[in-house]
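Engineer: My questions all concern the structure below.
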Amino acid sequence: MEYFNEMEPMLRTFWFMAIPTSVIFIIQSIMTFIGADATDGLDADFDGDLSGGDHGFQIFSLRNLINFMLGFSWMGISFYDTIETKWILIVLSLLVGVLFVGVFFVIIRQLTKLAEDNSFRMEETVGLTAQVYLTIPEEKKGKGKVLISVRGSTHELDAMSDTEKIETSAMVRVKSVVDKILFVEKL
């Protein structure tokens with residue numbers, strides 16, 4: 001602790017910002033990589049969304065505060081002896097802190113472009129062909145089942161016919177979907 005007491009006040013301030021900020025940053029990074037970091041944990045009272053899309057990016061969040069302080073403090077420590085005019089050092093440290101937040105924004109924006117929604121929606125089956133698994137009775141008198149492949153995944157779904165009875169193993173085309181039931185026609 002004597003080492004810190006012998007430092008000049010500005011350098012000591014940079015160190016007292018850098019140490020806890022770095023520890024929090026490391027913890028946040030570990031939590032992000034193991035998937036435990038779903039949100040910053042703090043909500044702003046106003047919307048700072050810069051993305052223009054569905055994925056939000058809040059300017060005022062704990063993560064951005066940590067990124068700013070990380071860049072600010074380590075810039076100040078790194079160039080404390082090199083830059084003799086201390087107000088220039090503070091301005092450059094502020095710019096590096098803002099740069100850290102900007103780089104984080106760009107990284108998050110690029111990562112969100114990688115997101116993909118693979119959830120199955122019944123509407124995707126309209127127009128596709130399927131194979132009858134359980135016989136489909138004629139004219140809406142009951143339900144049968146079909147096997148249908150959507151984006152490489154096979155689904156067993158309930159199906160009905162508006163017209164004729166369709167036997168097992170016959171090929172059908174999906175005309176519409178009503179209440180999670182496929183209405184099909186024989187090919």
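Quick note on naming: the chains in the structure tokens go A, B, ... in the order shown, residues restart at 1 in each chain, and ligands are numbered from 1 in order of appearance.
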Report as a list of chain:residue names all protein, DNA and RNA residues lying within 6 Å of region 59-72 of chain A, evaluated on only C-alpha atoms, omitting residues in the same chain fewer than 2 positions from it.

Structural biologist: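 With the cut-off at 6 Å, the set is A:Thr21, A:Gly48, A:Trp74, A:Met75, A:Ser93, A:Leu94, A:Val96, A:Gly97, A:Val98, A:Phe100, A:Val101.
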
Engineer: Please, which residues of chain A, numbered as in this document, come out strand (DSSP E or B) from DSSP, as a VMD selection string?

Structural biologist: chain A and resid 129 to 134 136 144 to 150 153 to 161 166 171 to 178 181 to 186

Engineer: Let me make sure I understand: among A:Met31, A:Ile166, A:Ile90, A:Val150, which one has the smallest atom-to-atom distance to Arg121 (chain A) if we use only C-alpha atoms?

Structural biologist: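 Residue with the minimum atom-to-atom distance to Arg121 (chain A): A:Val150.
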
Engineer: Show which residues sit within 6 Å of region 126-130 of chain A, as a PDB file with C-alpha atoms, in the first residue's frame. Count only C-alpha atoms, and ignore same-chain residues fewer than 3 positions away.

Structural biologist:
ATOM      1  CA  GLU A 123     -46.935 -21.268 -41.929  1.00  0.00           C
ATOM      2  CA  LEU A 147     -44.333 -36.309 -42.295  1.00  0.00           C
ATOM      3  CA  ILE A 148     -42.972 -33.064 -43.678  1.00  0.00           C
ATOM      4  CA  MET A 171     -47.571 -37.718 -51.413  1.00  0.00           C
ATOM      5  CA  VAL A 172     -49.539 -34.541 -50.669  1.00  0.00           C
ATOM      6  CA  ARG A 173     -49.080 -30.773 -50.991  1.00  0.00           C
ATOM      7  CA  VAL A 174     -49.977 -28.428 -48.130  1.00  0.00           C
ATOM      8  CA  LYS A 175     -52.651 -25.913 -49.227  1.00  0.00           C
ATOM      9  CA  SER A 176     -53.169 -24.024 -45.962  1.00  0.00           C
TER      10      SER A 176
END

Engineer: Using DSSP assignments from the backbone, pull out every residue in chain A that falls under alpha helix (DSSP H) and give it to me as a ChimeraX atom specification.

Structural biologist: /A:2-5,9-34,62-78,86-113

Engineer: Return the single residue from A:Gly76, A:Gly35, A:Pro9, A:Gly144 that is closest to Val132 (chain A), with distances computed using only C-alpha atoms.

Structural biologist: A:Gly144

Engineer: When you count only C-alpha atoms, which of these residues is closest to Ser78 (chain A): A:Leu134, A:Ile181, A:Leu92, A:Ile26?

Structural biologist: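 Of A:Leu134, A:Ile181, A:Leu92, A:Ile26, the one nearest Ser78 (chain A), counting only C-alpha atoms, is A:Leu92.
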